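Some notes on the structure that comes next.
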Amino acid sequence: YLVERGIEYRPFIGGNMTRQIVYKKYGRYQNYKNAEYIHNRALYIGLNKNTTEKQILKLCAALNQL
């Protein structure tokens, strides 16, 4: 959907940190349901200083159609 509309995105940076080796001591990643939800479904849409108001409005309109 986003690619078809020319909107760049990336996987969310973060998610379930207990999937990382250094955090495994805090338990099994499966026990952190909210973090798992974010880990598997979230994405990041970045805006930079050169993003125009027109582009932001286009993004908002596209996201509101979801």
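For the structure tokens, the naming scheme is as follows: chains receive sequential letters (A, B, ...) according to their order of presentation, residues are indexed from 1 within each chain, and ligands are indexed from 1 in presentation order.
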Extract, using only C-alpha atoms, all DNA, RNA and protein residues at most 6 Å from stretch 37-51 of chain A, discarding same-chain residues fewer than 6 positions from it, and format them as a PyMOL selection string.
chain A and resi 9-12+15-16
Go ahead and save the residues from that selection, with C-alpha atoms, as a compact mmCIF listing (two decimals), in the first residue's frame.
# COMPACT_ATOMS: atom_id res chain seq x y z
CA TYR A 9 9.18 3.18 5.30
CA ARG A 10 11.43 0.91 7.32
CA PRO A 11 10.92 -1.72 9.99
CA PHE A 12 10.49 -0.24 13.46
CA GLY A 15 10.46 -4.01 19.11
CA ASN A 16 11.00 -6.91 21.45
A:Gly6 proximity check over A:Leu57, A:Ala35, A:Ala62, A:Val22, using only C-alpha atoms: winner is A:Ala62
Would you compute the distance between atom CA of A:Ala61 and atom CA of A:Leu2? Give it in Å to one decimal.
11.6 Å
Among chain A, which residues carry a DSSP assignment of alpha helix (DSSP H), reported as a list in words?
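The residues of chain A classed as alpha helix (DSSP H) are Lys33, Asn34, Ala35, Glu36, Tyr37, Ile38, His39, Asn40, Arg41, Glu53, Lys54, Gln55, Ile56, Leu57, Lys58, Leu59, Cys60, Ala61, Ala62, Leu63 and Asn64 of chain A.
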